[in-house]
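S.K.: Pasting a structure here, questions to come.
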Amino acid sequence: MSFNIKNSVFGLVAVLPLFASCGPSLAVDSSGSASGGATGGNFSRQTDYGVNLNIDFAGITDASAISPGEVLVIWADAMFIDEPSSSAGMRYIVFRGLTHQQPLQDSGIVGITDPGALTFTDNFSDLPPTDQLDNTTWYYSVVAIDSDEKISNNVEVSTARTPSEYAAGSMNFDDDVLPLFSSIANPTDPVENCLSCHSTGNAAGGMDLSTLEGILAGVGTPSNPDSFIIPFLGDDSFSQFVSRFTAGNLLDQNSAILNHLPYLAAPDGGTPVVSGDGLEDLRTPIRNWAFEGALPTPDSTPPVFEFADVNNAGLYYGEFTDFDTVRLYLPHATDPESIPVNGSIAGQIDYVVYAGTTSNTIDWDHPLLVKSLTVTEANQSFVRIDFDWVLSNDLVVIVRPMDAAGRSVDIDVTNYDSNDPTQLELFRLRMRNMSSQESEILISH
Ligand code: HEC
């Protein structure tokens with residue numbers, strides 16, 4: 001039998017009683033997708049396969065990203081009703097799409113499994129290599145197919161969100177920061193540059209700009225730094241720089257402002273500073289390098305939650321603390337490559353929180369919040385995050401740790417226009433270096 005239901009309420013109502021007598025699948029499916037937040041209307045499968053209503057199958061259980069280009073799809077055994085041993089021979093068809101509807105059509109087929117398989121890893125090998133796979137919400141559906149090439153009538157859809165393609169930070173100390181201090185010359189005396197007064201052994205005011213250690217120690221010491229660079233705080237670092245660079249008064253021979261005056265009265269007219277002036281040329285490199293953690297070399301790995309670590313046992317859950325407040329308890333994520341020289345993990349990792357009334361209604365383009373830890377929070381044994389939730393009694397939360405590599409990108413990820421391709425691309429850049437982990441936290445009132 002060829003079975004084509006068009007998406008009309010009328011059609012669905014008309015055929016429902018028929019299915020109810022033959023098997024549970026469509027009745028269960030349609031209510032399942034409605035409570036799953038399907039966007040209005042009903043969804044039914046459009047297929048040229050014949051349907052075998054004697055197959056008992058619950059459909060897809062879960063789809064989770066395991067990397068920016070791989071998704072793991074999971075389901076449980078199907079069998080012929082009243083014939084449990086039939087499950088071993090059952091094969092499964094996995095469908096994928098970019099909308100809720102696409103995996104409910106034959107054109108969405110990505111593979112047919114071997115008999116008895118209960119998982120499928122989608123590596124998108126059917127798509128051209130140019131296609132963007134990362135930072136994308138993928139919709140999946142699964143049906144069972146019997147040896148007569150007839151399928152179960154399943155319309156459950158699960159989503160997976162691939163994280164942004166991994167990208168190391170953009171700032172390299174030796175290439176992007178260190179040369180600045182020897183290349184910015186005194187406009188009135190081209191032989192002089194910052195290092196004329198700020199090098200090791202000849203560091204005006206104790207400020208050595210010729211090494212990484214010197215810059216991070218600032219006018220303090222390596223173990224007790226006092227520098228204009230504050231790892232992970234880019235804008236603050238640059239404003240610290242400006243205020244220290246212009247400190248003191250012009251009557252004091254040893255003041256920063258007097259010694260730096262030629263650099264402030266820049267070649268193209270001085271104040272206000274514009275690009276081409278010494279000071280302004282430092283803005284972007286200092287800001288972005290500090291934002292990325294003021295590392296010697298860019299961080300090359302995303303952070304992870306070490307769920308297997310015994311110290312993290314029992315963490316990664318959430319609860320309502322009152323009628324509209326949810327509290328999450330998470331392990332600290334780790335990312336050894338991005339610990340700044342001063343060792344503080346405050347600000348090192350952001351925790352990106354996604355939430356939905358079900359896992360399939362999470363709005364992946366709009367994280368609920370992005371949590372950065374204060375110094376105090378970084379020193380606690382677990383991460384605690386509170387947020388308001390009034391949309392439902394039950395919710396699903398996913399938290400992904402993200403390091404600082406994309407922090408120099410200017411976009412407010414909780415409040416931007418995802419319909420604007422430019423802003424969407426900035427969002428993607430900002431979300432790079434996020435862990436792939438897609439572990440769900442189920443929370444009920
Ligand atoms: C002619 C010498 C001279 C030159 C050239 C010079 N500085 Fe300075 N710099 C000083 C003096 C003197 C101080 C003030 C020290 C003090 O307050 O004790 C200072 C202070 C600073 C401070 C403040 C340190 C702190 O944390 O309080 C920074 C930052 C700085 N300089 C950066 C630069 C940069 C960047 C350049 C090049 C664009 C530069 N300096 C060029 C002499 C110089």
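Just so we're on the same page: first chain in the structure tokens is A, next is B, and so on; residues restart at 1 for each chain, and ligands are numbered from 1 in the order they show up.
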May I have the residues within 6 Å of ligand 1, computed using only C-alpha atoms and all ligand atoms, as a PyMOL selection string?
M.R.: chain A and resi 181+184+193-194+196-197+204-205+207+218-219+227-228+241+244-245+254-256+259-260
S.K.: List the spatial neighbours of stretch 351-358 of chain A as a VMD selection string - criterion: any atom at most 6 Å away, only C-alpha atoms, same-chain residues fewer than 3 positions off excluded.
M.R.: chain A and resid 361 to 362 367 to 371 395 to 401
S.K.: Filtering to C-alpha atoms, could you give me those residues as a tab-separated table (two decimals), in the first residue's frame?
M.R.:
chain	number	residue	atom	x	y	z
A	361	THR	CA	12.04	23.38	21.18
A	362	ILE	CA	15.38	24.76	22.33
A	367	PRO	CA	21.02	31.05	24.26
A	368	LEU	CA	19.08	31.88	27.38
A	369	LEU	CA	22.17	33.32	28.99
A	370	VAL	CA	25.94	33.23	28.97
A	371	LYS	CA	27.46	32.95	32.43
A	395	LEU	CA	12.13	22.15	30.96
A	396	VAL	CA	15.23	20.82	29.27
A	397	VAL	CA	18.54	22.59	29.71
A	398	ILE	CA	21.81	22.10	27.90
A	399	VAL	CA	24.96	23.86	29.03
A	400	ARG	CA	28.00	24.08	26.83
A	401	PRO	CA	31.27	25.48	28.11
S.K.: Please identify all polymer residues within 9 Å of A:Phe307, counting only C-alpha atoms, omitting same-chain residues fewer than 5 positions from it, and present them as a PyMOL selection string.
M.R.: chain A and resi 312-313+315-316+331
S.K.: The selected residues should be written to file as a compact mmCIF listing (two decimals), in the first residue's frame (atoms: N, CA and C atoms).
M.R.:
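Output file again-v3.txt is given in full below:
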# COMPACT_ATOMS: atom_id res chain seq x y z
N ASN A 312 33.47 15.38 40.00
CA ASN A 312 32.29 15.96 39.36
C ASN A 312 31.05 15.09 39.54
N ALA A 313 31.19 14.01 40.29
CA ALA A 313 30.07 13.10 40.47
C ALA A 313 28.87 13.85 41.04
N LEU A 315 27.21 16.18 39.83
CA LEU A 315 26.96 17.52 39.31
C LEU A 315 26.36 17.43 37.90
N TYR A 316 25.93 18.53 37.39
CA TYR A 316 25.22 18.66 36.12
C TYR A 316 23.75 18.28 36.31
N PRO A 331 29.68 20.99 37.04
CA PRO A 331 31.11 20.92 37.32
C PRO A 331 31.81 22.08 36.60
S.K.: Taking the backbone alone, and naming residues the way the document does, which bits of stretch 111-163 of chain A are strand (DSSP E or B) by DSSP, as number ranges by chain?
M.R.: A: 111-112, 119-122, 137-145, 150-151, 158-161
S.K.: Next, dump the selected residues to file, keeping only N, CA and C atoms, as a CSV table (one decimal), in the first residue's frame.
M.R.:
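Ended up saving to selection25.csv:
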chain,number,residue,atom,x,y,z
A,111,GLY,N,20.2,7.4,5.3
A,111,GLY,CA,20.8,6.0,5.4
A,111,GLY,C,19.8,5.0,5.8
A,112,ILE,N,20.1,3.8,5.5
A,112,ILE,CA,19.3,2.6,6.0
A,112,ILE,C,20.3,1.7,6.7
A,119,THR,N,21.7,2.7,16.6
A,119,THR,CA,22.2,4.1,16.5
A,119,THR,C,22.7,4.3,15.1
A,120,PHE,N,22.9,5.6,14.8
A,120,PHE,CA,23.4,6.0,13.5
A,120,PHE,C,24.2,7.2,13.7
A,121,THR,N,25.4,7.2,13.2
A,121,THR,CA,26.2,8.4,13.3
A,121,THR,C,26.2,9.1,11.9
A,122,ASP,N,25.6,10.3,11.9
A,122,ASP,CA,25.4,11.0,10.7
A,122,ASP,C,26.7,11.9,10.5
A,137,THR,N,21.0,23.8,13.4
A,137,THR,CA,20.0,22.9,14.0
A,137,THR,C,19.6,21.9,12.9
A,138,TRP,N,19.8,20.6,13.2
A,138,TRP,CA,19.4,19.5,12.3
A,138,TRP,C,18.2,18.8,12.9
A,139,TYR,N,17.3,18.4,12.0
A,139,TYR,CA,16.1,17.7,12.4
A,139,TYR,C,16.2,16.2,11.9
A,140,TYR,N,15.9,15.3,12.8
A,140,TYR,CA,16.0,13.9,12.4
A,140,TYR,C,14.7,13.1,12.7
A,141,SER,N,14.5,12.1,11.9
A,141,SER,CA,13.4,11.2,12.2
A,141,SER,C,13.9,9.8,11.8
A,142,VAL,N,13.3,8.8,12.4
A,142,VAL,CA,13.7,7.4,12.1
A,142,VAL,C,12.4,6.6,12.0
A,143,VAL,N,12.4,5.7,11.0
A,143,VAL,CA,11.3,4.7,10.9
A,143,VAL,C,12.0,3.3,10.8
A,144,ALA,N,11.2,2.3,11.2
A,144,ALA,CA,11.7,0.9,11.0
A,144,ALA,C,11.2,0.4,9.7
A,145,ILE,N,12.0,-0.4,9.0
A,145,ILE,CA,11.6,-1.0,7.7
A,145,ILE,C,11.8,-2.5,7.8
A,150,LYS,N,8.5,-2.4,3.9
A,150,LYS,CA,7.4,-1.6,4.4
A,150,LYS,C,7.9,-0.9,5.7
A,151,ILE,N,7.4,0.3,5.9
A,151,ILE,CA,8.0,1.1,7.0
A,151,ILE,C,6.9,1.3,8.1
A,158,SER,N,13.5,14.7,16.2
A,158,SER,CA,14.4,15.2,17.3
A,158,SER,C,15.4,16.1,16.6
A,159,THR,N,15.8,17.1,17.4
A,159,THR,CA,16.8,18.0,16.8
A,159,THR,C,18.2,17.8,17.5
A,160,ALA,N,19.2,18.2,16.7
A,160,ALA,CA,20.5,18.2,17.3
A,160,ALA,C,21.1,19.6,16.8
A,161,ARG,N,21.9,20.1,17.7
A,161,ARG,CA,22.6,21.4,17.3
A,161,ARG,C,24.1,21.2,17.2
S.K.: Can you tell me, as a list in words, what residues are no more than 10 Å from A:Glu83 when counting only C-alpha atoms, ignoring any on the same chain fewer than 2 positions away?
M.R.: Asn54, Ile55, Asp56, Met79, Phe80, Ile81, Ser85, Ser86 and Ser87 of chain A
S.K.: Would you write out those residues with N, CA and C atoms, as a PDB file, in the first residue's frame?
M.R.:
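The file below, result_16.pdb, is the result:
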ATOM      1  N   ASN A  54       1.588  -2.908  11.451  1.00  0.00           N
ATOM      2  CA  ASN A  54       1.853  -3.978  12.407  1.00  0.00           C
ATOM      3  C   ASN A  54       3.246  -3.848  13.060  1.00  0.00           C
ATOM      4  N   ILE A  55       3.956  -2.774  12.662  1.00  0.00           N
ATOM      5  CA  ILE A  55       5.272  -2.558  13.305  1.00  0.00           C
ATOM      6  C   ILE A  55       5.074  -1.653  14.507  1.00  0.00           C
ATOM      7  N   ASP A  56       5.603  -2.100  15.645  1.00  0.00           N
ATOM      8  CA  ASP A  56       5.515  -1.312  16.872  1.00  0.00           C
ATOM      9  C   ASP A  56       6.854  -0.630  17.097  1.00  0.00           C
ATOM     10  N   MET A  79       9.546  -3.836  16.605  1.00  0.00           N
ATOM     11  CA  MET A  79       9.203  -5.252  16.387  1.00  0.00           C
ATOM     12  C   MET A  79       7.791  -5.329  15.812  1.00  0.00           C
ATOM     13  N   PHE A  80       7.483  -6.496  15.253  1.00  0.00           N
ATOM     14  CA  PHE A  80       6.092  -6.689  14.871  1.00  0.00           C
ATOM     15  C   PHE A  80       5.293  -6.874  16.144  1.00  0.00           C
ATOM     16  N   ILE A  81       4.145  -6.261  16.185  1.00  0.00           N
ATOM     17  CA  ILE A  81       3.311  -6.369  17.383  1.00  0.00           C
ATOM     18  C   ILE A  81       3.099  -7.847  17.714  1.00  0.00           C
ATOM     19  N   SER A  85      10.579 -11.340  18.906  1.00  0.00           N
ATOM     20  CA  SER A  85      11.814 -11.828  18.292  1.00  0.00           C
ATOM     21  C   SER A  85      12.042 -11.196  16.920  1.00  0.00           C
ATOM     22  N   SER A  86      11.048 -10.525  16.406  1.00  0.00           N
ATOM     23  CA  SER A  86      11.193  -9.925  15.082  1.00  0.00           C
ATOM     24  C   SER A  86      12.134  -8.734  15.101  1.00  0.00           C
ATOM     25  N   SER A  87      12.466  -8.207  16.300  1.00  0.00           N
ATOM     26  CA  SER A  87      13.235  -6.970  16.353  1.00  0.00           C
ATOM     27  C   SER A  87      14.627  -7.123  15.738  1.00  0.00           C
TER      28      SER A  87
END
S.K.: Could you give me, as a PyMOL selection string, each residue of stretch 230-408 of chain A that DSSP assigns to helix (DSSP H, G or I) when run on this structure's backbone?
M.R.: chain A and resi 234-245+256-264+278-291+310-312+336-338+359-361+375-378+404-406
S.K.: Could you list, with a cut-off of 10 Å and counting only C-alpha atoms, the residues of stretch 33-142 of chain A near stretch 420-431 of chain A, each shown with its nearest atom pair and the distance in Å rounded to one decimal, rows sorted by chain and ascending number, as CSV?
M.R.:
residue,atom,partner,partner_atom,distance
A:Asp134,CA,A:Arg428,CA,8.6
A:Asn135,CA,A:Arg428,CA,6.4
A:Thr136,CA,A:Arg428,CA,9.4
S.K.: Can you tell me which residues surround A:Thr334 at a distance of at most 9 Å, considering only C-alpha atoms, apart from same-chain residues fewer than 4 positions away, and format the answer as a list of chain:residue names?
M.R.: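 Once the nearby chain positions are removed, what remains is A:Pro302, A:Pro303, A:Val304, A:Phe305, A:Glu306, A:Ile349, A:Pro401.
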S.K.: Go ahead and write the residues just picked, C-alpha atoms, as a PDB file, in the first residue's frame.
M.R.:
ATOM      1  CA  PRO A 302      37.636  23.715  23.275  1.00  0.00           C
ATOM      2  CA  PRO A 303      36.819  23.237  26.954  1.00  0.00           C
ATOM      3  CA  VAL A 304      35.052  20.121  28.221  1.00  0.00           C
ATOM      4  CA  PHE A 305      33.067  18.936  31.176  1.00  0.00           C
ATOM      5  CA  GLU A 306      34.993  16.022  32.695  1.00  0.00           C
ATOM      6  CA  ILE A 349      35.298  29.848  30.458  1.00  0.00           C
ATOM      7  CA  PRO A 401      31.274  25.476  28.109  1.00  0.00           C
TER       8      PRO A 401
END
S.K.: Per residue of stretch 133-198 of chain A within 10 Å of stretch 406-411 of chain A, which atom pair is closest and at what distance in Å (one decimal), using only C-alpha atoms, listed by chain and increasing number, as a tab-separated table?
M.R.:
residue	atom	partner	partner_atom	distance
A:Ala167	CA	A:Gly406	CA	8.3
A:Ala168	CA	A:Gly406	CA	8.3
A:Gly169	CA	A:Gly406	CA	6.5
A:Ser170	CA	A:Gly406	CA	8.2
A:Met171	CA	A:Ser408	CA	9.7
S.K.: Could those residues be written to a file, using C-alpha atoms, as a PDB file, in the first residue's frame?
M.R.:
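Result went into selection30.pdb, see below:
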ATOM      1  CA  ALA A 167      38.699  27.732  15.698  1.00  0.00           C
ATOM      2  CA  ALA A 168      41.675  28.698  17.783  1.00  0.00           C
ATOM      3  CA  GLY A 169      41.958  32.249  19.034  1.00  0.00           C
ATOM      4  CA  SER A 170      43.191  34.835  16.574  1.00  0.00           C
ATOM      5  CA  MET A 171      45.860  36.593  18.632  1.00  0.00           C
TER       6      MET A 171
END
S.K.: Tell me, in Å to one decimal, how far atom CA of A:Asn154 is from atom CA of A:Phe57.
M.R.: 7.5 Å
S.K.: Point out the residue among A:Pro115, A:Gly206, A:Gly50, A:Gly248 with the least atom-to-atom distance to A:Arg91, counting only C-alpha atoms.
M.R.: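 Smallest separation from A:Arg91 among the options: A:Pro115.
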S.K.: Find the distance between atom CA of A:Glu280 and atom CA of A:Phe232 and write it in Å to one decimal.
M.R.: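 Between atom CA of A:Glu280 and atom CA of A:Phe232 the gap works out to 20.0 Å.
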S.K.: Can you work out the spacing between atom CA of A:Leu178 and atom CA of A:Pro231 in Å, to one decimal?
M.R.: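 Going from atom CA of A:Leu178 over to atom CA of A:Pro231, I get 16.1 Å.
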